[in-house]
Structures are given as C-alpha cells and as structure tokens.
$ cat structure_1.cif   # mmCIF, C-alpha atoms
data_input
#
loop_
_atom_site.group_PDB
_atom_site.id
_atom_site.type_symbol
_atom_site.label_atom_id
_atom_site.label_comp_id
_atom_site.auth_asym_id
_atom_site.auth_seq_id
_atom_site.Cartn_x
_atom_site.Cartn_y
_atom_site.Cartn_z
ATOM 1 C CA MET A 1209 -61.055 32.425 21.866
ATOM 2 C CA LEU A 1210 -61.054 30.944 25.385
ATOM 3 C CA LEU A 1211 -61.208 27.205 26.084
ATOM 4 C CA LEU A 1212 -60.798 25.532 29.474
ATOM 5 C CA SER A 1213 -59.744 21.882 29.248
ATOM 6 C CA ASP A 1214 -59.734 19.419 32.169
ATOM 7 C CA ILE A 1215 -59.183 22.048 34.895
ATOM 8 C CA THR A 1216 -58.822 20.571 38.389
ATOM 9 C CA LYS A 1217 -57.994 22.454 41.580
ATOM 10 C CA GLN A 1218 -57.680 21.211 45.152
ATOM 11 C CA TYR A 1219 -57.075 22.998 48.442
ATOM 12 C CA ALA A 1220 -55.843 20.928 51.385
ATOM 13 C CA GLY A 1221 -57.276 17.784 49.855
ATOM 14 C CA THR A 1222 -60.673 19.331 49.062
ATOM 15 C CA THR A 1223 -61.559 19.362 45.373
ATOM 16 C CA ILE A 1224 -62.839 22.796 44.298
ATOM 17 C CA LEU A 1225 -62.830 22.264 40.546
ATOM 18 C CA ASN A 1226 -63.138 18.754 39.140
ATOM 19 C CA HIS A 1227 -61.981 18.270 35.515
ATOM 20 C CA VAL A 1228 -63.743 21.353 34.155
ATOM 21 C CA THR A 1229 -63.896 21.565 30.370
ATOM 22 C CA LEU A 1230 -65.660 24.626 29.040
ATOM 23 C CA PRO A 1231 -65.598 26.558 25.751
ATOM 24 C CA LEU A 1232 -66.666 30.113 26.530
ATOM 25 C CA SER A 1233 -69.327 31.826 24.468
ATOM 26 C CA LYS A 1234 -68.060 34.171 21.784
ATOM 27 C CA LYS A 1235 -69.737 37.085 23.558
ATOM 28 C CA ARG A 1236 -71.069 36.821 27.114
ATOM 29 C CA THR A 1237 -70.941 33.987 29.603
ATOM 30 C CA ALA A 1238 -72.443 34.040 33.103
ATOM 31 C CA LEU A 1239 -70.885 31.857 35.790
ATOM 32 C CA VAL A 1240 -73.333 31.196 38.630
ATOM 33 C CA GLY A 1241 -73.263 29.003 41.717
ATOM 34 C CA MET A 1242 -73.313 28.897 45.485
ATOM 35 C CA ASN A 1243 -70.760 30.859 47.494
ATOM 36 C CA GLY A 1244 -67.588 28.817 47.822
ATOM 37 C CA SER A 1245 -68.286 26.669 44.771
ATOM 38 C CA GLY A 1246 -65.125 27.795 42.956
ATOM 39 C CA LYS A 1247 -66.299 30.610 40.676
ATOM 40 C CA SER A 1248 -63.651 33.111 41.764
ATOM 41 C CA THR A 1249 -60.990 30.405 41.812
ATOM 42 C CA LEU A 1250 -61.736 29.544 38.195
ATOM 43 C CA MET A 1251 -61.447 33.203 37.193
ATOM 44 C CA LYS A 1252 -58.127 33.564 39.020
ATOM 45 C CA ILE A 1253 -56.784 30.514 37.192
ATOM 46 C CA ILE A 1254 -57.809 32.001 33.826
ATOM 47 C CA ALA A 1255 -56.174 35.311 34.820
ATOM 48 C CA GLY A 1256 -52.952 33.542 35.774
ATOM 49 C CA LEU A 1257 -53.171 34.491 39.454
ATOM 50 C CA GLU A 1258 -53.532 30.855 40.520
ATOM 51 C CA TYR A 1259 -52.532 27.594 38.910
ATOM 52 C CA ALA A 1260 -54.627 24.543 38.208
ATOM 53 C CA ASP A 1261 -53.481 21.120 39.380
ATOM 54 C CA THR A 1262 -54.384 19.685 35.983
ATOM 55 C CA GLY A 1263 -55.584 20.947 32.618
ATOM 56 C CA GLU A 1264 -54.835 23.841 30.328
ATOM 57 C CA ILE A 1265 -56.279 27.125 29.125
ATOM 58 C CA THR A 1266 -56.227 27.995 25.439
ATOM 59 C CA THR A 1267 -56.633 31.557 24.128
ATOM 60 C CA ARG A 1268 -55.918 33.386 20.915
ATOM 61 C CA LYS A 1269 -52.264 34.331 20.509
ATOM 62 C CA ASN A 1270 -51.431 37.587 22.346
ATOM 63 C CA ALA A 1271 -54.977 37.843 23.711
ATOM 64 C CA ILE A 1272 -55.287 40.517 26.412
ATOM 65 C CA ILE A 1273 -57.230 39.386 29.479
ATOM 66 C CA GLU A 1274 -58.420 41.759 32.207
ATOM 67 C CA TYR A 1275 -59.765 40.484 35.514
ATOM 68 C CA LEU A 1276 -61.679 42.597 38.030
ATOM 69 C CA PRO A 1277 -61.864 40.690 41.324
ATOM 70 C CA GLN A 1278 -64.707 41.037 43.773
ATOM 71 C CA GLN A 1279 -62.420 42.494 46.418
ATOM 72 C CA ALA A 1280 -58.937 43.896 45.993
ATOM 73 C CA VAL A 1281 -56.489 46.414 47.446
ATOM 74 C CA TYR A 1282 -55.144 48.861 44.880
ATOM 75 C CA ASP A 1283 -51.798 50.631 45.144
ATOM 76 C CA PHE A 1284 -52.828 53.838 43.413
ATOM 77 C CA SER A 1285 -50.287 56.674 43.224
ATOM 78 C CA GLY A 1286 -51.850 59.155 40.790
ATOM 79 C CA THR A 1287 -55.052 61.066 40.338
ATOM 80 C CA VAL A 1288 -58.280 59.381 39.282
ATOM 81 C CA PHE A 1289 -57.802 60.474 35.669
ATOM 82 C CA GLU A 1290 -54.134 59.431 35.584
ATOM 83 C CA GLU A 1291 -54.867 55.981 36.954
ATOM 84 C CA VAL A 1292 -57.524 55.315 34.328
ATOM 85 C CA SER A 1293 -55.804 56.842 31.284
ATOM 86 C CA ALA A 1294 -52.511 55.087 32.065
ATOM 87 C CA TRP A 1295 -54.258 51.745 31.537
ATOM 88 C CA LEU A 1296 -54.285 52.173 27.770
ATOM 89 C CA ASN A 1297 -52.033 49.854 25.797
ATOM 90 C CA SER A 1298 -49.054 52.208 25.339
ATOM 91 C CA ASP A 1299 -46.409 49.552 26.109
ATOM 92 C CA ARG A 1300 -48.073 47.035 23.837
ATOM 93 C CA PHE A 1301 -48.321 49.636 21.049
ATOM 94 C CA ASN A 1302 -44.597 50.423 21.247
ATOM 95 C CA GLU A 1303 -43.689 46.737 21.428
ATOM 96 C CA LEU A 1304 -45.759 45.897 18.353
ATOM 97 C CA SER A 1305 -44.423 48.900 16.396
ATOM 98 C CA ALA A 1306 -40.846 47.794 17.040
ATOM 99 C CA ARG A 1307 -41.630 44.224 15.968
ATOM 100 C CA GLU A 1308 -43.417 45.493 12.849
ATOM 101 C CA ALA A 1309 -40.363 47.513 11.793
ATOM 102 C CA LYS A 1310 -38.069 44.527 12.396
ATOM 103 C CA ILE A 1311 -40.211 42.161 10.325
ATOM 104 C CA ILE A 1312 -40.509 44.646 7.455
ATOM 105 C CA LYS A 1313 -36.715 44.982 7.372
ATOM 106 C CA MET A 1314 -36.331 41.189 7.365
ATOM 107 C CA LEU A 1315 -38.826 40.832 4.519
ATOM 108 C CA GLU A 1316 -37.111 43.538 2.445
ATOM 109 C CA ASN A 1317 -33.766 41.732 2.732
ATOM 110 C CA ASP A 1318 -35.121 38.265 1.987
ATOM 111 C CA PRO A 1319 -36.046 37.428 -1.647
ATOM 112 C CA GLU A 1320 -38.019 34.400 -0.444
ATOM 113 C CA PRO A 1321 -39.662 35.485 2.816
ATOM 114 C CA ASP A 1322 -41.021 32.962 5.275
ATOM 115 C CA ASP A 1323 -44.820 32.689 5.152
ATOM 116 C CA SER A 1324 -44.953 32.706 8.957
ATOM 117 C CA LEU A 1325 -43.342 36.155 9.028
ATOM 118 C CA CYS A 1326 -45.936 37.479 6.592
ATOM 119 C CA GLU A 1327 -48.711 36.043 8.740
ATOM 120 C CA GLU A 1328 -47.209 37.572 11.893
ATOM 121 C CA LEU A 1329 -46.912 40.946 10.181
ATOM 122 C CA ALA A 1330 -50.571 40.822 9.146
ATOM 123 C CA GLU A 1331 -51.585 40.044 12.750
ATOM 124 C CA ILE A 1332 -49.433 42.891 14.076
ATOM 125 C CA VAL A 1333 -50.854 45.397 11.601
ATOM 126 C CA GLU A 1334 -54.395 44.404 12.586
ATOM 127 C CA GLU A 1335 -53.657 44.722 16.310
ATOM 128 C CA LEU A 1336 -51.887 48.075 15.834
ATOM 129 C CA HIS A 1337 -54.927 49.374 13.997
ATOM 130 C CA THR A 1338 -57.205 48.271 16.831
ATOM 131 C CA LEU A 1339 -54.979 49.942 19.441
ATOM 132 C CA ASP A 1340 -54.778 53.124 17.362
ATOM 133 C CA VAL A 1341 -58.584 53.313 17.151
ATOM 134 C CA LYS A 1342 -58.794 53.011 20.942
ATOM 135 C CA LYS A 1343 -56.205 55.751 21.420
ATOM 136 C CA ARG A 1344 -57.932 58.130 19.022
ATOM 137 C CA ARG A 1345 -61.423 57.561 20.348
ATOM 138 C CA LYS A 1346 -62.440 60.957 21.664
ATOM 139 C CA ASN A 1347 -63.322 61.366 25.319
ATOM 140 C CA SER A 1348 -63.311 57.632 26.031
ATOM 141 C CA VAL A 1349 -61.677 58.093 29.439
ATOM 142 C CA GLU A 1350 -63.822 61.122 30.233
ATOM 143 C CA THR A 1351 -67.033 59.422 29.121
ATOM 144 C CA ILE A 1352 -66.420 56.281 31.137
ATOM 145 C CA LEU A 1353 -65.486 58.225 34.277
ATOM 146 C CA LEU A 1354 -68.596 60.374 34.026
ATOM 147 C CA ASN A 1355 -70.840 57.360 33.484
ATOM 148 C CA LEU A 1356 -69.316 55.609 36.482
ATOM 149 C CA GLY A 1357 -70.263 58.540 38.696
ATOM 150 C CA PHE A 1358 -67.060 60.588 38.807
ATOM 151 C CA THR A 1359 -67.491 64.340 38.434
ATOM 152 C CA LYS A 1360 -64.903 66.405 36.594
ATOM 153 C CA GLN A 1361 -63.710 67.682 39.970
ATOM 154 C CA ASP A 1362 -63.096 64.068 41.034
ATOM 155 C CA TRP A 1363 -60.715 63.493 38.119
ATOM 156 C CA HIS A 1364 -57.973 65.495 39.857
ATOM 157 C CA ARG A 1365 -58.344 63.874 43.276
ATOM 158 C CA SER A 1366 -55.750 61.438 44.561
ATOM 159 C CA ALA A 1367 -57.115 57.953 43.811
ATOM 160 C CA LYS A 1368 -55.716 56.412 46.987
ATOM 161 C CA THR A 1369 -57.722 58.811 49.182
ATOM 162 C CA LEU A 1370 -61.066 57.507 47.901
ATOM 163 C CA SER A 1371 -63.144 54.844 49.627
ATOM 164 C CA GLY A 1372 -62.876 51.182 48.675
ATOM 165 C CA GLY A 1373 -66.062 51.341 46.628
ATOM 166 C CA TRP A 1374 -64.827 54.271 44.550
ATOM 167 C CA GLN A 1375 -61.436 52.628 44.079
ATOM 168 C CA MET A 1376 -63.273 49.632 42.662
ATOM 169 C CA ARG A 1377 -64.954 51.982 40.189
ATOM 170 C CA ILE A 1378 -61.520 53.259 39.145
ATOM 171 C CA ALA A 1379 -60.411 49.670 38.566
ATOM 172 C CA LEU A 1380 -63.562 49.012 36.523
ATOM 173 C CA ALA A 1381 -62.957 52.173 34.484
ATOM 174 C CA ARG A 1382 -59.433 50.991 33.652
ATOM 175 C CA VAL A 1383 -60.784 47.706 32.329
ATOM 176 C CA LEU A 1384 -63.427 49.410 30.181
ATOM 177 C CA VAL A 1385 -60.978 51.966 28.792
ATOM 178 C CA ARG A 1386 -58.486 49.310 27.813
ATOM 179 C CA GLU A 1387 -61.099 47.199 25.988
ATOM 180 C CA PRO A 1388 -59.141 43.921 26.190
ATOM 181 C CA ASP A 1389 -59.993 40.781 24.264
ATOM 182 C CA ILE A 1390 -61.433 39.031 27.321
ATOM 183 C CA ILE A 1391 -62.969 40.697 30.385
ATOM 184 C CA MET A 1392 -63.692 38.811 33.607
ATOM 185 C CA LEU A 1393 -65.870 40.594 36.163
ATOM 186 C CA ASP A 1394 -66.498 39.115 39.618
ATOM 187 C CA GLU A 1395 -69.616 40.664 41.165
ATOM 188 C CA PRO A 1396 -69.090 43.993 39.348
ATOM 189 C CA THR A 1397 -72.378 45.557 40.508
ATOM 190 C CA ASN A 1398 -71.622 45.321 44.239
ATOM 191 C CA TYR A 1399 -70.447 48.928 44.538
ATOM 192 C CA LEU A 1400 -72.570 50.446 41.788
ATOM 193 C CA ASP A 1401 -75.842 52.343 41.897
ATOM 194 C CA ILE A 1402 -78.702 51.864 39.445
ATOM 195 C CA ALA A 1403 -77.425 54.430 36.931
ATOM 196 C CA THR A 1404 -73.929 52.967 36.763
ATOM 197 C CA ILE A 1405 -75.292 49.410 36.577
ATOM 198 C CA ASP A 1406 -77.368 50.482 33.567
ATOM 199 C CA PHE A 1407 -74.280 51.986 31.948
ATOM 200 C CA LEU A 1408 -72.211 48.850 32.566
ATOM 201 C CA ALA A 1409 -74.935 46.601 31.142
ATOM 202 C CA ASP A 1410 -75.190 48.723 27.995
ATOM 203 C CA TRP A 1411 -71.400 48.799 27.624
ATOM 204 C CA ILE A 1412 -71.122 45.019 27.917
ATOM 205 C CA MET A 1413 -73.860 44.449 25.352
ATOM 206 C CA LYS A 1414 -71.976 46.609 22.832
ATOM 207 C CA PHE A 1415 -68.528 45.170 23.599
ATOM 208 C CA ASP A 1416 -67.012 43.091 20.764
ATOM 209 C CA GLY A 1417 -64.796 40.892 22.941
ATOM 210 C CA GLN A 1418 -65.632 38.103 25.381
ATOM 211 C CA VAL A 1419 -67.048 38.709 28.845
ATOM 212 C CA LEU A 1420 -67.148 36.237 31.733
ATOM 213 C CA LEU A 1421 -69.426 37.420 34.529
ATOM 214 C CA VAL A 1422 -69.943 36.240 38.078
ATOM 215 C CA SER A 1423 -72.949 37.897 39.678
ATOM 216 C CA HIS A 1424 -75.855 37.283 42.035
ATOM 217 C CA ASP A 1425 -77.731 40.178 40.428
ATOM 218 C CA ARG A 1426 -80.337 38.242 38.452
ATOM 219 C CA ASP A 1427 -81.790 41.310 36.699
ATOM 220 C CA PHE A 1428 -78.323 42.324 35.559
ATOM 221 C CA LEU A 1429 -77.547 38.848 34.210
ATOM 222 C CA ASN A 1430 -80.910 38.493 32.477
ATOM 223 C CA ARG A 1431 -80.419 41.823 30.765
#
$ encode --input "structure_1.cif" --output "structure tokens"
Amino acid sequence: MLLLSDITKQYAGTTILNHVTLPLSKKRTALVGMNGSGKSTLMKIIAGLEYADTGEITTRKNAIIEYLPQQAVYDFSGTVFEEVSAWLNSDRFNELSAREAKIIKMLENDPEPDDSLCEELAEIVEELHTLDVKKRRKNSVETILLNLGFTKQDWHRSAKTLSGGWQMRIALARVLVREPDIIMLDEPTNYLDIATIDFLADWIMKFDGQVLLVSHDRDFLNR
C-alpha cells in the first residue's frame, strides 16, 4: 500500500535522506535511529508536508494518510468532543456518494458501459461501506476519549484551553477515530501515561491498516 522509491532530501547541502527505497510492512513498521537522522523528515515527506529532492511515493488510490507529529501547535476552536468527532470522514462520504450517483446514472444511460467505470463504482461502494461502518460504530469517540484519559466532564471543555500534552491527546484521538488507511505516529507515547500507552498499543495491534511508528520507547515497540 505504501512504497518509497529513491527518496533523497538535502538541507543546505547536507544530505538527510540518501536514495531511500522502502516497501512498508502491510501492518506495522518501526522507524528507529539517532536524533537528527531524518526520521521525522521522512514522515513529513510521506504526509506531503515536505517534498523530496528525488524519488516518489506510491500508495493505493484514494488512500487516507494521517500523520501525528512529535510536536505541533493546534488551532482548536471547539470543545474536546467536537474536535474529535469532527474528524470523521463526512466530506469524503458526501463526495463519494455524489460520485456514486453520477456513475450509476452514466451506466444506466450507456448500453455498453466502460469497464473502468464499473471498477470505480465497485471501489466507491466498498469505501462507502467502510465509512458507514465507522460512522455507525457505537461510542467510538466516547470510548477513545475515555481510554486516552479524558473524563466525561472534559468532553465539554474548550480544547484550546488545555495544556500542550492534552492537546496532543486530542490530536491522537482524532487519528484513531478516523481510522485512516495509513497512520504515522512520531513519538506518540511522549505525553501518555502507562494506562494510555497500553490502550494505544492494543489499538494498534488490532488496527487493519498500516502503521509507521517512530519511538524511543523500546518496550512499546517490542510489544
């Protein structure tokens, strides 16, 4: 699903990444190395936040990638619950539904439909089903918030008033709720306690998509 081919990146004449070619594991991949060796840079390139000097990144068509950086500033405007629940794929669902209706109409009016349209329709139907399952899953937002240490009273607090560590937990909750195809986590355990680290490890082990992890937490990676 994710293949890096010949990725090179330089800063001010210093080579950070040198012709990196890497097919990611179908499930979980750990990226380890010394500080400053280019781990975060590679993740930013995959996420589209930076560009490689050479090479290309190949993913499945319409694959959804979520990246949780090690440090970030979030421009939250709603409550904790609103910020997390809004991260579901509502826009994508509406976009796919509209495309599905358009293709069906085209197929109905064409006695000899194009095979590529039929294939696209099948892909759309499959993705719509996946999104619908996520939407209908009971208490997914509530369950994730509780397991990341938020009390029910916290759900109604303004997200921007929380400390940086708790804002990072909100960002992590949004990623888990959305359940994208590919998740990239850069030092995700930095702001977590033992209970929430256990929850995250269990969640990752059950996740069907791909996960790329950067972490210095050896116990977490071994698990």
$ closest_residue --input "structure_1.cif" --among "A:Arg1307, A:Ile1391, A:Ala1409, A:Phe1284" --to "Met1251 in chain A" --atoms "only C-alpha atoms"
A:Ile1391
$ atom_distance --input "structure_1.cif" --atom1 "CA of Ala1381 in chain A" --atom2 "CA of Asp1427 in chain A"
21.9 Å
$ closest_residue --input "structure_1.cif" --among "A:Gln1375, A:Thr1369, A:Ser1423, A:Ser1348" --to "Ala1280 in chain A" --atoms "only C-alpha atoms"
A:Gln1375
$ closest_residue --input "structure_1.cif" --among "A:Gln1218, A:Thr1359, A:Thr1351, A:Ser1248" --to "Asp1261 in chain A" --atoms "all atoms listed in the file"
A:Gln1218
$ closest_atom_pairs --input "structure_1.cif" --of "range 1219-1274 of chain A" --to "range 1329-1334 of chain A" --cutoff "12 Å" --atoms "all atoms listed in the file" --output "Markdown table"
| residue | atom | partner | partner_atom | distance |
| --- | --- | --- | --- | --- |
| A:Arg1268 | CA | A:Glu1331 | CA | 11.4 |
| A:Lys1269 | CA | A:Glu1331 | CA | 9.7 |
| A:Asn1270 | CA | A:Glu1331 | CA | 9.9 |
| A:Ala1271 | CA | A:Glu1331 | CA | 11.7 |
$ write_last_selection --input "structure_1.cif" --atoms "C-alpha atoms" --output "short mmCIF file (atom, residue, chain, number, x, y, z; two decimals), in the frame of the given file"
data_model
loop_
_atom_site.label_atom_id
_atom_site.label_comp_id
_atom_site.auth_asym_id
_atom_site.auth_seq_id
_atom_site.Cartn_x
_atom_site.Cartn_y
_atom_site.Cartn_z
CA ARG A 1268 -55.92 33.39 20.92
CA LYS A 1269 -52.26 34.33 20.51
CA ASN A 1270 -51.43 37.59 22.35
CA ALA A 1271 -54.98 37.84 23.71
#
$ closest_residue --input "structure_1.cif" --among "A:Met1376, A:Asp1318, A:Lys1252, A:Thr1262" --to "Asp1283 in chain A" --atoms "all atoms listed in the file"
A:Met1376
$ atom_distance --input "structure_1.cif" --atom1 "CA of Pro1388 in chain A" --atom2 "CA of Glu1274 in chain A"
6.4 Å
$ closest_residue --input "structure_1.cif" --among "A:Val1419, A:Met1314, A:Trp1363, A:Ser1285" --to "Ser1233 in chain A" --atoms "all atoms listed in the file"
A:Val1419
$ resolve_selection --input "structure_1.cif" --expression "the PyMOL selection byres ((chain A and resi 1386) around 12)" --output "MDAnalysis selection string"
chainID A and resid 1272:1275 1291:1298 1300 1338:1343 1345 1348:1349 1352 1379:1385 1387:1391 1415 1417
$ write_last_selection --input "structure_1.cif" --atoms "C-alpha atoms" --output "mmCIF file, keeping the file's coordinate frame"
data_model
loop_
_atom_site.group_PDB
_atom_site.id
_atom_site.type_symbol
_atom_site.label_atom_id
_atom_site.label_comp_id
_atom_site.auth_asym_id
_atom_site.auth_seq_id
_atom_site.Cartn_x
_atom_site.Cartn_y
_atom_site.Cartn_z
ATOM 1 C CA ILE A 1272 -55.287 40.517 26.412
ATOM 2 C CA ILE A 1273 -57.230 39.386 29.479
ATOM 3 C CA GLU A 1274 -58.420 41.759 32.207
ATOM 4 C CA TYR A 1275 -59.765 40.484 35.514
ATOM 5 C CA GLU A 1291 -54.867 55.981 36.954
ATOM 6 C CA VAL A 1292 -57.524 55.315 34.328
ATOM 7 C CA SER A 1293 -55.804 56.842 31.284
ATOM 8 C CA ALA A 1294 -52.511 55.087 32.065
ATOM 9 C CA TRP A 1295 -54.258 51.745 31.537
ATOM 10 C CA LEU A 1296 -54.285 52.173 27.770
ATOM 11 C CA ASN A 1297 -52.033 49.854 25.797
ATOM 12 C CA SER A 1298 -49.054 52.208 25.339
ATOM 13 C CA ARG A 1300 -48.073 47.035 23.837
ATOM 14 C CA THR A 1338 -57.205 48.271 16.831
ATOM 15 C CA LEU A 1339 -54.979 49.942 19.441
ATOM 16 C CA ASP A 1340 -54.778 53.124 17.362
ATOM 17 C CA VAL A 1341 -58.584 53.313 17.151
ATOM 18 C CA LYS A 1342 -58.794 53.011 20.942
ATOM 19 C CA LYS A 1343 -56.205 55.751 21.420
ATOM 20 C CA ARG A 1345 -61.423 57.561 20.348
ATOM 21 C CA SER A 1348 -63.311 57.632 26.031
ATOM 22 C CA VAL A 1349 -61.677 58.093 29.439
ATOM 23 C CA ILE A 1352 -66.420 56.281 31.137
ATOM 24 C CA ALA A 1379 -60.411 49.670 38.566
ATOM 25 C CA LEU A 1380 -63.562 49.012 36.523
ATOM 26 C CA ALA A 1381 -62.957 52.173 34.484
ATOM 27 C CA ARG A 1382 -59.433 50.991 33.652
ATOM 28 C CA VAL A 1383 -60.784 47.706 32.329
ATOM 29 C CA LEU A 1384 -63.427 49.410 30.181
ATOM 30 C CA VAL A 1385 -60.978 51.966 28.792
ATOM 31 C CA GLU A 1387 -61.099 47.199 25.988
ATOM 32 C CA PRO A 1388 -59.141 43.921 26.190
ATOM 33 C CA ASP A 1389 -59.993 40.781 24.264
ATOM 34 C CA ILE A 1390 -61.433 39.031 27.321
ATOM 35 C CA ILE A 1391 -62.969 40.697 30.385
ATOM 36 C CA PHE A 1415 -68.528 45.170 23.599
ATOM 37 C CA GLY A 1417 -64.796 40.892 22.941
#
$ resolve_selection --input "structure_1.cif" --expression "the PyMOL selection byres ((chain A and resi 1397) around 12)" --output "number ranges by chain"
A: 1276-1279, 1356, 1373, 1376-1377, 1380, 1393-1396, 1398-1409, 1421-1429
$ residues_near_point --input "structure_1.cif" --point "(-60.5, 22.8, 27.1)" --cutoff "10 Å" --atoms "all atoms listed in the file" --output "PyMOL selection string"
chain A and resi 1210-1215+1227-1232+1263-1266
$ atom_distance --input "structure_1.cif" --atom1 "CA of Asn1317 in chain A" --atom2 "CA of Phe1301 in chain A"
24.7 Å
$ axis_aligned_box --input "structure_1.cif" --around "range 1376-1393 of chain A" --padding-each-side "3 Å" --output "lines of an AutoDock Vina configuration file"
center_x = -62.2
center_y = 46.0
center_z = 33.5
size_x = 13.4
size_y = 20.4
size_z = 24.4
$ closest_residue --input "structure_1.cif" --among "A:Arg1365, A:Met1392, A:Gly1286, A:Asp1410" --to "Thr1237 in chain A" --atoms "all atoms listed in the file"
A:Met1392
$ build_atoms --input "structure_1.cif" --residues "range 1223-1231 of chain A" --atoms "all heavy atoms" --output "compact mmCIF listing (two decimals), in the coordinates of the input"
# COMPACT_ATOMS: atom_id res chain seq x y z
N THR A 1223 -61.46 19.04 46.80
CA THR A 1223 -61.56 19.36 45.37
C THR A 1223 -62.53 20.52 45.17
O THR A 1223 -63.71 20.43 45.52
CB THR A 1223 -62.03 18.15 44.57
OG1 THR A 1223 -61.10 17.07 44.74
CG2 THR A 1223 -62.14 18.49 43.08
N ILE A 1224 -62.02 21.61 44.59
CA ILE A 1224 -62.84 22.80 44.30
C ILE A 1224 -63.35 22.74 42.87
O ILE A 1224 -64.52 23.02 42.59
CB ILE A 1224 -62.03 24.09 44.52
CG1 ILE A 1224 -61.44 24.13 45.94
CG2 ILE A 1224 -62.91 25.32 44.27
CD1 ILE A 1224 -62.48 24.10 47.04
N LEU A 1225 -62.47 22.39 41.96
CA LEU A 1225 -62.83 22.26 40.55
C LEU A 1225 -62.43 20.86 40.10
O LEU A 1225 -61.29 20.45 40.32
CB LEU A 1225 -62.11 23.32 39.70
CG LEU A 1225 -62.40 24.78 40.07
CD1 LEU A 1225 -61.45 25.72 39.33
CD2 LEU A 1225 -63.85 25.14 39.73
N ASN A 1226 -63.36 20.16 39.46
CA ASN A 1226 -63.14 18.75 39.14
C ASN A 1226 -63.23 18.53 37.63
O ASN A 1226 -64.31 18.39 37.07
CB ASN A 1226 -64.16 17.89 39.88
CG ASN A 1226 -63.88 16.41 39.73
OD1 ASN A 1226 -62.78 16.00 39.37
ND2 ASN A 1226 -64.90 15.60 39.97
N HIS A 1227 -62.08 18.56 36.94
CA HIS A 1227 -61.98 18.27 35.52
C HIS A 1227 -62.97 19.12 34.70
O HIS A 1227 -63.81 18.60 33.97
CB HIS A 1227 -62.21 16.78 35.26
CG HIS A 1227 -61.22 15.89 35.94
ND1 HIS A 1227 -59.90 15.79 35.54
CD2 HIS A 1227 -61.34 15.09 37.05
CE1 HIS A 1227 -59.26 14.96 36.34
NE2 HIS A 1227 -60.11 14.52 37.27
N VAL A 1228 -62.85 20.42 34.85
CA VAL A 1228 -63.74 21.35 34.16
C VAL A 1228 -63.28 21.55 32.72
O VAL A 1228 -62.13 21.94 32.47
CB VAL A 1228 -63.77 22.72 34.88
CG1 VAL A 1228 -64.62 23.71 34.08
CG2 VAL A 1228 -64.32 22.55 36.29
N THR A 1229 -64.15 21.27 31.79
CA THR A 1229 -63.90 21.56 30.37
C THR A 1229 -65.02 22.47 29.88
O THR A 1229 -66.19 22.11 29.98
CB THR A 1229 -63.84 20.28 29.53
OG1 THR A 1229 -62.71 19.50 29.95
CG2 THR A 1229 -63.69 20.61 28.05
N LEU A 1230 -64.64 23.63 29.37
CA LEU A 1230 -65.66 24.63 29.04
C LEU A 1230 -65.19 25.55 27.92
O LEU A 1230 -64.20 26.26 28.07
CB LEU A 1230 -65.97 25.46 30.29
CG LEU A 1230 -66.94 26.63 30.11
CD1 LEU A 1230 -68.34 26.11 29.85
CD2 LEU A 1230 -66.94 27.50 31.37
N PRO A 1231 -65.86 25.54 26.77
CA PRO A 1231 -65.60 26.56 25.75
C PRO A 1231 -66.48 27.78 26.04
O PRO A 1231 -67.70 27.64 26.15
CB PRO A 1231 -66.02 25.87 24.45
CG PRO A 1231 -67.07 24.88 24.88
CD PRO A 1231 -66.80 24.52 26.32
